[in-house]
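Student: Below is the file start-v4.pdb, with PDB, C-alpha atoms and all ligand atoms.
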```pdb
MODEL        1
ATOM      1  CA  MET A   1       0.000   0.000   0.000
ATOM      2  CA  GLN A   2       1.328   3.456  -0.865
ATOM      3  CA  LEU A   3       1.431   5.957   1.985
ATOM      4  CA  LYS A   4      -0.276   9.318   1.500
ATOM      5  CA  GLN A   5       2.332  12.084   1.164
ATOM      6  CA  PRO A   6       1.849  15.678   2.357
ATOM      7  CA  LEU A   7       1.587  18.300  -0.351
ATOM      8  CA  PHE A   8       4.358  20.890   0.008
ATOM      9  CA  PHE A   9       4.689  24.477  -1.249
ATOM     10  CA  ASP A  10       7.931  26.346  -0.634
ATOM     11  CA  THR A  11       7.502  30.088  -1.106
ATOM     12  CA  TYR A  12      10.321  30.950   1.306
ATOM     13  CA  LYS A  13      13.230  31.606  -0.952
ATOM     14  CA  GLU A  14      15.968  32.772   1.342
ATOM     15  CA  ASN A  15      16.851  36.112  -0.120
ATOM     16  CA  LYS A  16      20.484  35.972   0.840
ATOM     17  CA  ASP A  17      21.449  39.471  -0.298
ATOM     18  CA  ALA A  18      18.626  41.163   1.616
ATOM     19  CA  ASP A  19      19.407  39.004   4.670
ATOM     20  CA  ILE A  20      23.040  40.011   4.557
ATOM     21  CA  GLN A  21      22.219  43.718   4.234
ATOM     22  CA  ALA A  22      19.769  43.533   7.166
ATOM     23  CA  LEU A  23      22.297  41.653   9.290
ATOM     24  CA  ILE A  24      25.039  44.198   8.618
ATOM     25  CA  GLN A  25      22.696  47.109   9.335
ATOM     26  CA  GLY A  26      21.700  45.548  12.653
ATOM     27  CA  LEU A  27      25.283  44.845  13.676
ATOM     28  CA  LEU A  28      26.383  48.410  12.927
ATOM     29  CA  CYS A  29      23.569  50.108  14.934
ATOM     30  CA  PRO A  30      24.735  51.806  18.167
ATOM     31  CA  GLN A  31      22.652  49.168  19.995
ATOM     32  CA  ALA A  32      23.550  46.176  17.847
ATOM     33  CA  THR A  33      20.566  43.946  17.000
ATOM     34  CA  LEU A  34      19.907  40.630  15.280
ATOM     35  CA  SER A  35      16.439  39.506  14.183
ATOM     36  CA  PRO A  36      15.132  36.494  16.147
ATOM     37  CA  LYS A  37      14.235  34.867  12.828
ATOM     38  CA  TYR A  38      17.908  33.809  12.571
ATOM     39  CA  PHE A  39      17.551  31.587  15.646
ATOM     40  CA  TYR A  40      15.769  28.896  13.684
ATOM     41  CA  ASP A  41      18.360  26.970  11.716
ATOM     42  CA  GLU A  42      18.306  23.204  12.289
ATOM     43  CA  MET A  43      20.222  23.435  15.586
ATOM     44  CA  GLY A  44      18.125  26.416  16.735
ATOM     45  CA  SER A  45      14.854  24.579  16.030
ATOM     46  CA  VAL A  46      16.024  21.563  18.040
ATOM     47  CA  LEU A  47      17.193  23.813  20.907
ATOM     48  CA  PHE A  48      13.847  25.604  20.902
ATOM     49  CA  ASP A  49      12.034  22.254  21.184
ATOM     50  CA  ALA A  50      14.307  21.468  24.172
ATOM     51  CA  ILE A  51      13.394  24.843  25.761
ATOM     52  CA  THR A  52       9.727  23.878  25.654
ATOM     53  CA  LEU A  53      10.528  20.872  27.888
ATOM     54  CA  LEU A  54      12.319  22.927  30.577
ATOM     55  CA  PRO A  55      10.633  23.247  33.992
ATOM     56  CA  GLU A  56      11.327  27.016  33.952
ATOM     57  CA  TYR A  57       9.725  27.583  30.527
ATOM     58  CA  TYR A  58       6.038  27.445  31.519
ATOM     59  CA  PRO A  59       4.326  28.766  28.298
ATOM     60  CA  THR A  60       4.223  25.538  26.243
ATOM     61  CA  ARG A  61       3.201  23.384  29.209
ATOM     62  CA  THR A  62       0.587  25.875  30.392
ATOM     63  CA  GLU A  63      -0.939  26.255  26.931
ATOM     64  CA  LEU A  64      -1.336  22.475  26.720
ATOM     65  CA  GLU A  65      -2.808  22.397  30.244
ATOM     66  CA  ILE A  66      -5.460  24.978  29.245
ATOM     67  CA  PHE A  67      -6.286  23.012  26.090
ATOM     68  CA  THR A  68      -6.571  19.776  28.078
ATOM     69  CA  GLN A  69      -8.443  21.024  31.141
ATOM     70  CA  GLN A  70     -10.967  23.107  29.225
ATOM     71  CA  ALA A  71     -11.041  20.929  26.129
ATOM     72  CA  ASN A  72     -14.809  20.718  25.669
ATOM     73  CA  GLU A  73     -15.401  24.448  25.837
ATOM     74  CA  ILE A  74     -12.427  25.318  23.644
ATOM     75  CA  HIS A  75     -13.028  22.662  21.000
ATOM     76  CA  ALA A  76     -16.663  23.791  20.757
ATOM     77  CA  HIS A  77     -15.215  26.860  18.989
ATOM     78  CA  PHE A  78     -13.413  24.708  16.401
ATOM     79  CA  PRO A  79     -15.532  24.642  13.220
ATOM     80  CA  LYS A  80     -16.413  21.183  11.853
ATOM     81  CA  SER A  81     -14.997  19.892   8.530
ATOM     82  CA  ALA A  82     -12.610  22.814   8.594
ATOM     83  CA  THR A  83      -9.260  23.718   7.150
ATOM     84  CA  TRP A  84      -6.778  24.538   9.900
ATOM     85  CA  VAL A  85      -3.957  26.895   9.036
ATOM     86  CA  GLU A  86      -1.256  26.713  11.683
ATOM     87  CA  LEU A  87       1.208  29.598  11.530
ATOM     88  CA  GLY A  88       4.642  28.728  12.939
ATOM     89  CA  ALA A  89       3.830  25.010  13.032
ATOM     90  CA  GLY A  90       7.460  23.935  13.730
ATOM     91  CA  SER A  91       7.523  20.263  14.678
ATOM     92  CA  CYS A  92       3.674  20.070  14.369
ATOM     93  CA  GLN A  93       3.561  18.649  17.896
ATOM     94  CA  LYS A  94       0.851  21.063  19.062
ATOM     95  CA  ALA A  95      -1.419  20.089  16.156
ATOM     96  CA  ALA A  96      -0.795  16.396  16.806
ATOM     97  CA  GLN A  97      -1.952  16.948  20.406
ATOM     98  CA  LEU A  98      -5.095  18.788  19.279
ATOM     99  CA  PHE A  99      -5.940  15.980  16.828
ATOM    100  CA  THR A 100      -6.824  13.790  19.831
ATOM    101  CA  HIS A 101      -9.927  16.007  20.363
ATOM    102  CA  SER A 102     -10.846  17.396  16.933
ATOM    103  CA  LYS A 103      -9.521  16.783  13.452
ATOM    104  CA  PRO A 104      -9.620  19.104  10.477
ATOM    105  CA  SER A 105     -10.330  17.856   6.967
ATOM    106  CA  THR A 106      -7.217  19.727   5.819
ATOM    107  CA  TYR A 107      -4.266  20.811   7.942
ATOM    108  CA  VAL A 108      -2.028  23.512   6.442
ATOM    109  CA  ALA A 109       1.238  23.911   8.379
ATOM    110  CA  VAL A 110       3.188  27.107   7.716
ATOM    111  CA  ASP A 111       6.743  27.750   8.887
ATOM    112  CA  ILE A 112       9.899  29.589   7.897
ATOM    113  CA  SER A 113      12.049  26.606   8.874
ATOM    114  CA  VAL A 114      11.286  24.655   5.705
ATOM    115  CA  ASP A 115      13.370  21.484   6.114
ATOM    116  CA  TYR A 116      12.383  21.057   9.737
ATOM    117  CA  LEU A 117       8.697  21.415   8.849
ATOM    118  CA  SER A 118       8.762  18.986   5.934
ATOM    119  CA  GLN A 119      10.432  16.212   7.992
ATOM    120  CA  HIS A 120       7.781  16.440  10.718
ATOM    121  CA  LEU A 121       4.861  16.740   8.297
ATOM    122  CA  LYS A 122       5.655  13.364   6.761
ATOM    123  CA  ASP A 123       5.356  11.791  10.182
ATOM    124  CA  LEU A 124       2.085  13.623  10.939
ATOM    125  CA  GLN A 125       0.595  12.514   7.599
ATOM    126  CA  ALA A 126       1.655   8.909   8.187
ATOM    127  CA  LYS A 127      -0.186   8.899  11.534
ATOM    128  CA  ASN A 128      -3.269  10.742  10.202
ATOM    129  CA  SER A 129      -4.220   9.339   6.818
ATOM    130  CA  ASP A 130      -7.757  10.817   7.228
ATOM    131  CA  VAL A 131      -6.396  14.406   7.123
ATOM    132  CA  ASN A 132      -5.061  16.173   4.009
ATOM    133  CA  VAL A 133      -1.738  17.497   5.222
ATOM    134  CA  VAL A 134      -0.226  20.479   3.407
ATOM    135  CA  GLY A 135       3.069  22.227   4.198
ATOM    136  CA  VAL A 136       3.974  25.794   3.268
ATOM    137  CA  GLY A 137       7.505  27.123   3.676
ATOM    138  CA  MET A 138       6.884  30.842   4.144
ATOM    139  CA  ASP A 139       8.024  33.915   6.095
ATOM    140  CA  PHE A 140       4.566  35.082   7.199
ATOM    141  CA  SER A 141       5.802  37.978   9.339
ATOM    142  CA  HIS A 142       5.243  40.476   6.495
ATOM    143  CA  SER A 143       2.591  38.919   4.266
ATOM    144  CA  LEU A 144       0.025  36.130   4.378
ATOM    145  CA  THR A 145      -0.417  35.415   0.689
ATOM    146  CA  PHE A 146      -0.589  31.725  -0.136
ATOM    147  CA  PRO A 147       0.166  30.099  -3.484
ATOM    148  CA  ASP A 148      -2.861  30.617  -5.809
ATOM    149  CA  LYS A 149      -4.015  26.994  -5.794
ATOM    150  CA  LEU A 150      -3.994  26.879  -2.013
ATOM    151  CA  GLN A 151      -5.518  30.357  -1.586
ATOM    152  CA  GLN A 152      -8.599  29.201  -3.562
ATOM    153  CA  GLN A 153      -8.827  26.037  -1.505
ATOM    154  CA  LEU A 154      -8.938  28.119   1.679
ATOM    155  CA  THR A 155     -12.244  29.731   0.654
ATOM    156  CA  LEU A 156     -14.094  26.393   0.406
ATOM    157  CA  ASP A 157     -14.286  25.361   4.098
ATOM    158  CA  PRO A 158     -14.546  27.139   7.434
ATOM    159  CA  LEU A 159     -11.002  28.162   8.259
ATOM    160  CA  LEU A 160      -9.418  27.965  11.694
ATOM    161  CA  ALA A 161      -6.175  29.937  12.004
ATOM    162  CA  LEU A 162      -3.942  28.735  14.836
ATOM    163  CA  TYR A 163      -1.067  30.749  16.229
ATOM    164  CA  LEU A 164       0.137  28.947  19.316
ATOM    165  CA  GLY A 165       3.071  29.001  21.716
ATOM    166  CA  SER A 166       2.846  32.775  22.392
ATOM    167  CA  SER A 167       4.837  33.486  19.237
ATOM    168  CA  LEU A 168       2.948  36.737  18.716
ATOM    169  CA  GLY A 169       5.028  38.018  21.650
ATOM    170  CA  ASN A 170       8.042  38.197  19.341
ATOM    171  CA  PHE A 171       6.336  41.032  17.410
ATOM    172  CA  ASN A 172       6.238  44.549  18.847
ATOM    173  CA  PRO A 173       2.687  45.897  19.466
ATOM    174  CA  ILE A 174       2.466  47.644  16.058
ATOM    175  CA  GLU A 175       3.763  44.605  14.177
ATOM    176  CA  ALA A 176       1.335  42.469  16.219
ATOM    177  CA  LEU A 177      -1.588  44.681  15.169
ATOM    178  CA  TYR A 178      -0.671  44.491  11.458
ATOM    179  CA  PHE A 179      -0.144  40.752  11.709
ATOM    180  CA  LEU A 180      -3.548  40.230  13.379
ATOM    181  CA  GLN A 181      -5.199  42.389  10.697
ATOM    182  CA  ARG A 182      -3.792  40.015   8.065
ATOM    183  CA  VAL A 183      -5.042  37.014  10.042
ATOM    184  CA  ALA A 184      -8.511  38.627  10.417
ATOM    185  CA  ASN A 185      -8.605  39.036   6.612
ATOM    186  CA  LEU A 186      -7.526  35.429   6.166
ATOM    187  CA  CYS A 187     -10.384  34.281   8.445
ATOM    188  CA  LYS A 188     -12.843  36.378   6.420
ATOM    189  CA  MET A 189     -11.873  34.362   3.320
ATOM    190  CA  GLY A 190     -13.175  31.134   4.877
ATOM    191  CA  GLN A 191     -16.776  29.886   5.155
ATOM    192  CA  PRO A 192     -18.955  30.850   8.193
ATOM    193  CA  GLY A 193     -17.584  29.604  11.504
ATOM    194  CA  SER A 194     -14.029  30.660  10.619
ATOM    195  CA  GLY A 195     -11.895  32.090  13.424
ATOM    196  CA  LEU A 196      -8.564  32.309  15.200
ATOM    197  CA  ILE A 197      -7.150  30.464  18.213
ATOM    198  CA  ILE A 198      -4.059  32.173  19.617
ATOM    199  CA  GLY A 199      -1.878  31.557  22.687
ATOM    200  CA  ILE A 200      -0.669  34.617  24.601
ATOM    201  CA  ASP A 201       1.806  34.833  27.468
ATOM    202  CA  LEU A 202       0.524  37.156  30.203
ATOM    203  CA  VAL A 203       2.360  39.755  32.305
ATOM    204  CA  LYS A 204       3.510  38.372  35.650
ATOM    205  CA  ASP A 205       6.274  38.843  38.227
ATOM    206  CA  SER A 206       9.746  39.538  36.836
ATOM    207  CA  SER A 207      11.444  36.584  38.497
ATOM    208  CA  THR A 208       9.133  33.954  36.924
ATOM    209  CA  LEU A 209       9.612  35.642  33.554
ATOM    210  CA  GLU A 210      13.382  35.940  33.799
ATOM    211  CA  ARG A 211      13.826  32.326  34.959
ATOM    212  CA  ALA A 212      11.817  31.180  31.932
ATOM    213  CA  TYR A 213      14.410  32.852  29.683
ATOM    214  CA  ALA A 214      17.547  31.995  31.710
ATOM    215  CA  ASP A 215      17.170  28.353  32.726
ATOM    216  CA  ASP A 216      19.568  26.481  35.011
ATOM    217  CA  LEU A 217      20.723  24.009  32.322
ATOM    218  CA  GLY A 218      21.713  26.803  29.962
ATOM    219  CA  VAL A 219      19.541  25.586  27.071
ATOM    220  CA  THR A 220      18.209  29.108  26.388
ATOM    221  CA  ALA A 221      21.775  30.416  26.565
ATOM    222  CA  ALA A 222      22.798  27.869  23.896
ATOM    223  CA  PHE A 223      19.757  28.847  21.783
ATOM    224  CA  ASN A 224      20.758  32.512  22.008
ATOM    225  CA  LEU A 225      24.493  31.915  21.369
ATOM    226  CA  ASN A 226      23.754  29.633  18.402
ATOM    227  CA  VAL A 227      22.592  32.692  16.466
ATOM    228  CA  LEU A 228      26.230  33.836  16.284
ATOM    229  CA  ARG A 229      27.157  30.633  14.420
ATOM    230  CA  ARG A 230      24.240  31.215  12.054
ATOM    231  CA  VAL A 231      25.486  34.765  11.432
ATOM    232  CA  ASN A 232      29.015  33.451  10.804
ATOM    233  CA  SER A 233      27.679  31.081   8.170
ATOM    234  CA  LEU A 234      25.483  33.725   6.475
ATOM    235  CA  LEU A 235      27.951  36.598   6.648
ATOM    236  CA  GLY A 236      31.348  34.924   6.862
ATOM    237  CA  SER A 237      31.935  36.791  10.154
ATOM    238  CA  ASP A 238      34.257  35.577  12.895
ATOM    239  CA  PHE A 239      32.135  35.695  16.052
ATOM    240  CA  ASP A 240      33.669  33.456  18.715
ATOM    241  CA  VAL A 241      30.790  32.050  20.772
ATOM    242  CA  ARG A 242      33.125  31.746  23.789
ATOM    243  CA  ASP A 243      33.493  35.563  23.977
ATOM    244  CA  TRP A 244      29.769  36.103  24.620
ATOM    245  CA  GLN A 245      27.275  35.402  27.375
ATOM    246  CA  HIS A 246      23.513  35.130  27.454
ATOM    247  CA  SER A 247      21.407  37.685  29.318
ATOM    248  CA  ALA A 248      17.612  37.910  29.794
ATOM    249  CA  ARG A 249      15.850  40.788  31.589
ATOM    250  CA  PHE A 250      12.200  41.783  31.970
ATOM    251  CA  ASN A 251      11.768  45.386  30.832
ATOM    252  CA  VAL A 252       8.724  46.367  32.926
ATOM    253  CA  GLN A 253       8.044  49.606  31.088
ATOM    254  CA  GLU A 254       7.948  47.939  27.665
ATOM    255  CA  SER A 255       6.319  44.791  29.084
ATOM    256  CA  ARG A 256       8.818  42.528  27.350
ATOM    257  CA  VAL A 257      11.556  40.042  28.169
ATOM    258  CA  GLU A 258      14.682  41.149  26.311
ATOM    259  CA  MET A 259      17.369  38.669  25.360
ATOM    260  CA  HIS A 260      20.852  39.995  24.714
ATOM    261  CA  LEU A 261      24.311  38.578  24.032
ATOM    262  CA  GLN A 262      26.870  40.380  26.150
ATOM    263  CA  ALA A 263      30.572  40.697  25.251
ATOM    264  CA  LYS A 264      32.794  39.185  27.976
ATOM    265  CA  LYS A 265      35.740  41.433  27.000
ATOM    266  CA  ASN A 266      36.674  44.214  24.555
ATOM    267  CA  LEU A 267      36.685  42.589  21.139
ATOM    268  CA  SER A 268      36.114  43.160  17.458
ATOM    269  CA  VAL A 269      34.248  41.141  14.870
ATOM    270  CA  GLN A 270      35.190  41.186  11.184
ATOM    271  CA  TRP A 271      33.234  40.303   8.063
ATOM    272  CA  GLN A 272      33.606  41.009   4.346
ATOM    273  CA  GLY A 273      36.129  43.819   4.865
ATOM    274  CA  GLN A 274      34.043  45.487   7.622
ATOM    275  CA  GLN A 275      34.279  45.322  11.398
ATOM    276  CA  ARG A 276      32.575  46.307  14.627
ATOM    277  CA  HIS A 277      34.243  46.855  17.979
ATOM    278  CA  PHE A 278      32.391  45.830  21.123
ATOM    279  CA  LYS A 279      33.415  47.026  24.573
ATOM    280  CA  GLN A 280      33.270  44.594  27.485
ATOM    281  CA  ASP A 281      29.586  44.240  28.623
ATOM    282  CA  GLU A 282      28.238  45.838  25.425
ATOM    283  CA  THR A 283      25.346  43.791  24.042
ATOM    284  CA  ILE A 284      23.659  42.580  20.880
ATOM    285  CA  HIS A 285      19.878  42.654  21.329
ATOM    286  CA  THR A 286      18.585  39.374  19.901
ATOM    287  CA  GLU A 287      14.922  39.033  20.944
ATOM    288  CA  ASN A 288      11.917  40.700  22.557
ATOM    289  CA  SER A 289       9.139  38.614  23.995
ATOM    290  CA  TYR A 290       6.176  40.878  24.793
ATOM    291  CA  LYS A 291       3.802  39.967  27.591
ATOM    292  CA  TRP A 292       0.182  41.115  27.402
ATOM    293  CA  SER A 293      -2.703  41.602  29.827
ATOM    294  CA  VAL A 294      -6.052  40.009  28.922
ATOM    295  CA  LYS A 295      -7.597  43.475  28.639
ATOM    296  CA  LYS A 296      -4.943  44.937  26.322
ATOM    297  CA  PHE A 297      -4.878  41.866  24.119
ATOM    298  CA  THR A 298      -8.670  41.803  23.781
ATOM    299  CA  THR A 299      -8.516  45.452  22.660
ATOM    300  CA  LEU A 300      -5.810  44.564  20.132
ATOM    301  CA  LEU A 301      -7.976  41.790  18.621
ATOM    302  CA  LEU A 302     -10.898  44.210  18.248
ATOM    303  CA  GLN A 303      -8.623  46.877  16.694
ATOM    304  CA  ALA A 304      -7.384  44.271  14.220
ATOM    305  CA  GLY A 305     -10.901  43.668  12.895
ATOM    306  CA  PHE A 306     -12.216  40.725  14.925
ATOM    307  CA  THR A 307     -15.666  41.260  16.458
ATOM    308  CA  ASN A 308     -16.123  38.454  18.983
ATOM    309  CA  THR A 309     -13.544  37.217  21.477
ATOM    310  CA  ARG A 310     -13.344  34.622  24.258
ATOM    311  CA  HIS A 311     -10.431  33.576  26.411
ATOM    312  CA  TRP A 312      -9.407  30.845  28.836
ATOM    313  CA  THR A 313      -6.534  30.981  31.343
ATOM    314  CA  ASP A 314      -4.751  28.607  33.719
ATOM    315  CA  GLN A 315      -5.274  28.806  37.486
ATOM    316  CA  LYS A 316      -2.322  31.146  38.039
ATOM    317  CA  SER A 317      -3.337  33.364  35.094
ATOM    318  CA  HIS A 318       0.133  32.947  33.626
ATOM    319  CA  TYR A 319      -1.088  32.298  30.100
ATOM    320  CA  ALA A 320      -4.230  32.751  27.998
ATOM    321  CA  LEU A 321      -5.762  31.122  24.972
ATOM    322  CA  PHE A 322      -7.951  33.435  22.926
ATOM    323  CA  TRP A 323     -10.568  32.647  20.315
ATOM    324  CA  ALA A 324     -11.700  35.434  18.010
ATOM    325  CA  ASN A 325     -13.782  35.747  14.845
TER     326      ASN A 325
HETATM  327  C1  LIG B 401       9.052  31.410  19.933
HETATM  328  N1  LIG B 401       8.873  32.322  21.042
HETATM  329  C2  LIG B 401       7.474  32.432  21.422
HETATM  330  C3  LIG B 401       9.726  32.061  22.207
HETATM  331  C4  LIG B 401       9.458  33.114  23.301
HETATM  332  O1  LIG B 401       9.126  32.714  24.425
HETATM  333  O2  LIG B 401       9.540  34.305  23.012
HETATM  334  C5  LIG B 401      11.193  32.068  21.828
HETATM  335  C6  LIG B 401      12.088  31.882  23.019
HETATM  336  N2  LIG B 401      13.133  32.608  23.282
HETATM  337  C7  LIG B 401      13.702  32.177  24.380
HETATM  338  N3  LIG B 401      13.006  31.174  24.859
HETATM  339  C8  LIG B 401      11.991  30.947  24.006
ENDMDL
END
```
Could you render the structure as structure tokens?
Tutor:
Amino acid sequence: MQLKQPLFFDTYKENKDADIQALIQGLLCPQATLSPKYFYDEMGSVLFDAITLLPEYYPTRTELEIFTQQANEIHAHFPKSATWVELGAGSCQKAAQLFTHSKPSTYVAVDISVDYLSQHLKDLQAKNSDVNVVGVGMDFSHSLTFPDKLQQQLTLDPLLALYLGSSLGNFNPIEALYFLQRVANLCKMGQPGSGLIIGIDLVKDSSTLERAYADDLGVTAAFNLNVLRRVNSLLGSDFDVRDWQHSARFNVQESRVEMHLQAKKNLSVQWQGQQRHFKQDETIHTENSYKWSVKKFTTLLLQAGFTNTRHWTDQKSHYALFWAN
């Protein structure tokens, strides 16, 4: 018997020249920055999956707990015979867990990390022959336009957009608003019953937040430092991982956990005939992870064009799952 294979579209053509220009620009800013999208090479994706298993990193575990403990109420908002579009599907583990309660007729997994996604989709398809599994390699942070054939398909069923794992937190509030507007438009393309399920990490005490981003085993530190190796391979730079240390701080005013890489000594980094000097303790800002209140996030959903919202939280109100349509 021949096994059903997932259909795969790859629209993410790494635009190397633009990447290199953006990297150089970020490295030369007075406060050097690197986009968190560079975390997710093969090693970075595996390290991120390890982070989700850490006792300190509560978001993944808490999201699953909410889904499990309030399954009936939450799944009542999942349209029947629907197409699910999961943005940032990664290893597709979250979808596989949801499949134990409800199954879509078609599951469209979207991720920037193309090879990682396609490996895991094959496994998901093999275990779920009753679902049409489709993979899309795409950077959806700036646009949500699907290949024509797929775009048409998305209008035929109710559409459930899923954005789990509190990934929206990696956008600043303006980027988050624009992104949610695009998702609201995507939901409007689907048949009645379409909507969004999104996981959001909530504001809480600084120490819980900082421990989640600076774990005792140093997995998050490795995840952060790995970006320097990625930059070396993209840019031909000579970052030495041993000269840098991981730092994570909750910026209360901005309501975000900031991750930085801090120089352990005065040093310089060279690439393609250019260089940047870093003084001891100077940092490269590598990630923001914004934390929302239920009230502010509900307002954001309404501003983005959704009209109805619901949410569920865990007992400690550390995390919330929102539904909106
Ligand atoms: C992917 N994203 C939601 C994670 C977060 O919590 O911001 C990335 C991460 N960075 C450090 N730990 C996890």
Student: Taking all atoms listed in the file into account, report as a count of residues only which residues have an atom no farther than 10 Å from an atom of ligand LIG 401 (chain B).
Tutor: 49
Student: Find, counting all atoms listed in the file, the residue in A:Lys296, A:Arg276, A:Lys4, A:Lys188 that gets nearest to Pro173 of chain A.
Tutor: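 Nearest candidate to Pro173 of chain A out of A:Lys296, A:Arg276, A:Lys4, A:Lys188: A:Lys296.
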Student: Please determine an axis-aligned box that encloses all atoms of segment 98-102 of chain A listed in the file, with 6 Å added on each side, and express its centre and edge lengths in Å to one decimal as JSON.
Tutor:
```
{"center_x": -8.0, "center_y": 16.3, "center_z": 18.6, "size_x": 17.8, "size_y": 17.0, "size_z": 15.5}
```
Student: Give as a CSV table (one decimal) with C-alpha atoms, in the coordinates of the input the residues that the PyMOL selection byres (((chain A and resi 8) around 10) and not hetatm) matches when applied to the coordinates above.
Tutor:
```csv
chain,number,residue,atom,x,y,z
A,5,GLN,CA,2.3,12.1,1.2
A,6,PRO,CA,1.8,15.7,2.4
A,7,LEU,CA,1.6,18.3,-0.4
A,9,PHE,CA,4.7,24.5,-1.2
A,10,ASP,CA,7.9,26.3,-0.6
A,11,THR,CA,7.5,30.1,-1.1
A,108,VAL,CA,-2.0,23.5,6.4
A,109,ALA,CA,1.2,23.9,8.4
A,110,VAL,CA,3.2,27.1,7.7
A,114,VAL,CA,11.3,24.7,5.7
A,117,LEU,CA,8.7,21.4,8.8
A,118,SER,CA,8.8,19.0,5.9
A,121,LEU,CA,4.9,16.7,8.3
A,133,VAL,CA,-1.7,17.5,5.2
A,134,VAL,CA,-0.2,20.5,3.4
A,135,GLY,CA,3.1,22.2,4.2
A,136,VAL,CA,4.0,25.8,3.3
A,137,GLY,CA,7.5,27.1,3.7
```
Student: Go through A:Ala324, A:Ala22, A:Ala263, A:Leu28 and flag the residue nearest Ile198 of chain A, using all atoms listed in the file for the distances.
Tutor: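 The shortest atom-to-atom distance to Ile198 of chain A comes from A:Ala324.
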Student: Output the residue selection produced by the PyMOL selection byres (((chain A and resi 157) around 9) and not hetatm) on the file above, formatted as an mmCIF file with C-alpha atoms, in the coordinates of the input.
Tutor:
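And here is the file that came out, out28.cif:
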```cif
data_model
loop_
_atom_site.group_PDB
_atom_site.id
_atom_site.type_symbol
_atom_site.label_atom_id
_atom_site.label_comp_id
_atom_site.auth_asym_id
_atom_site.auth_seq_id
_atom_site.Cartn_x
_atom_site.Cartn_y
_atom_site.Cartn_z
ATOM 1 C CA SER A 81 -14.997 19.892 8.530
ATOM 2 C CA ALA A 82 -12.610 22.814 8.594
ATOM 3 C CA THR A 83 -9.260 23.718 7.150
ATOM 4 C CA SER A 105 -10.330 17.856 6.967
ATOM 5 C CA GLN A 153 -8.827 26.037 -1.505
ATOM 6 C CA LEU A 154 -8.938 28.119 1.679
ATOM 7 C CA THR A 155 -12.244 29.731 0.654
ATOM 8 C CA LEU A 156 -14.094 26.393 0.406
ATOM 9 C CA PRO A 158 -14.546 27.139 7.434
ATOM 10 C CA LEU A 159 -11.002 28.162 8.259
ATOM 11 C CA GLY A 190 -13.175 31.134 4.877
ATOM 12 C CA GLN A 191 -16.776 29.886 5.155
ATOM 13 C CA PRO A 192 -18.955 30.850 8.193
ATOM 14 C CA SER A 194 -14.029 30.660 10.619
#
```
Student: Which residues come within 9 Å of Tyr178 of chain A, counting all atoms listed in the file, excluding same-chain residues fewer than 4 positions away, as a PyMOL selection string?
Tutor: chain A and resi 142+173-174+182-183+304
Student: Using atom CA of Leu225 of chain A and atom CA of Lys16 of chain A as the two end points, give the distance in Å to one decimal.
Tutor: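 Answer for the atom CA of Leu225 of chain A to atom CA of Lys16 of chain A separation: 21.3 Å.
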Student: Can you tell me, as a list in words, what residues are no more than 8 Å from His311 of chain A when counting only C-alpha atoms, ignoring any on the same chain fewer than 3 positions away?
Tutor: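 My list of contacting residues is Ala320, Leu321, Phe322 and Trp323 of chain A.
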Student: With all atoms listed in the file as the basis for distance, which of A:His120, A:His318, A:Lys80, A:Lys149 is at the shortest distance from Trp292 of chain A?
Tutor: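 The shortest atom-to-atom distance to Trp292 of chain A comes from A:His318.
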Student: Hey, can you check how far atom CA of Gly44 of chain A sits from atom CA of Phe297 of chain A?
Tutor: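 These atoms are spaced 28.7 Å apart.
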Student: Rank A:Ala89, A:Met138, A:Leu98, A:Leu300 by their smallest atom-to-atom distance to Ala71 of chain A, using only C-alpha atoms, and report the top residue only.
Tutor: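 Once distances to Ala71 of chain A are computed over only C-alpha atoms, the minimum belongs to A:Leu98.
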Student: Using all atoms listed in the file, which residue out of A:Ser113, A:Gln262, A:Gln272, A:Ser255 lies closest to Ser293 of chain A?
Tutor: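 Of A:Ser113, A:Gln262, A:Gln272, A:Ser255, the one nearest Ser293 of chain A is A:Ser255, counting all atoms listed in the file.
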Student: Between atom CA of Leu301 of chain A and atom CA of Gln315 of chain A, what is the distance in Å, rounded to a tenth?
Tutor: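 Taking atom CA of Leu301 of chain A and atom CA of Gln315 of chain A, their separation equals 23.1 Å.
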Student: If the PyMOL selection byres (((chain A and resi 239) around 9) and not hetatm) were run on this exact file, what residues would it hold? Put them as a list in words.
Tutor: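 Evaluating the PyMOL selection byres (((chain A and resi 239) around 9) and not hetatm) on these coordinates yields Leu228, Arg229, Val231, Asn232, Ser237, Asp238, Asp240, Val241, Arg242, Asp243, Trp244, Ser268, Val269 and Gln270 of chain A.
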Student: Fix up segment 157-162 of chain A with N, CA and C atoms, then write it as an mmCIF file, in the coordinates of the input.
Tutor:
```cif
data_model
loop_
_atom_site.group_PDB
_atom_site.id
_atom_site.type_symbol
_atom_site.label_atom_id
_atom_site.label_comp_id
_atom_site.auth_asym_id
_atom_site.auth_seq_id
_atom_site.Cartn_x
_atom_site.Cartn_y
_atom_site.Cartn_z
ATOM 1 N N ASP A 157 -13.864 25.908 2.792
ATOM 2 C CA ASP A 157 -14.286 25.361 4.098
ATOM 3 C C ASP A 157 -14.258 26.472 5.142
ATOM 4 N N PRO A 158 -14.852 26.238 6.322
ATOM 5 C CA PRO A 158 -14.546 27.139 7.434
ATOM 6 C C PRO A 158 -13.050 27.028 7.727
ATOM 7 N N LEU A 159 -12.462 28.148 8.077
ATOM 8 C CA LEU A 159 -11.002 28.162 8.259
ATOM 9 C C LEU A 159 -10.681 28.491 9.716
ATOM 10 N N LEU A 160 -9.863 27.666 10.333
ATOM 11 C CA LEU A 160 -9.418 27.965 11.694
ATOM 12 C C LEU A 160 -7.926 28.292 11.636
ATOM 13 N N ALA A 161 -7.592 29.562 11.942
ATOM 14 C CA ALA A 161 -6.175 29.937 12.004
ATOM 15 C C ALA A 161 -5.690 29.650 13.418
ATOM 16 N N LEU A 162 -4.521 29.054 13.519
ATOM 17 C CA LEU A 162 -3.942 28.735 14.836
ATOM 18 C C LEU A 162 -2.590 29.419 14.936
#
```
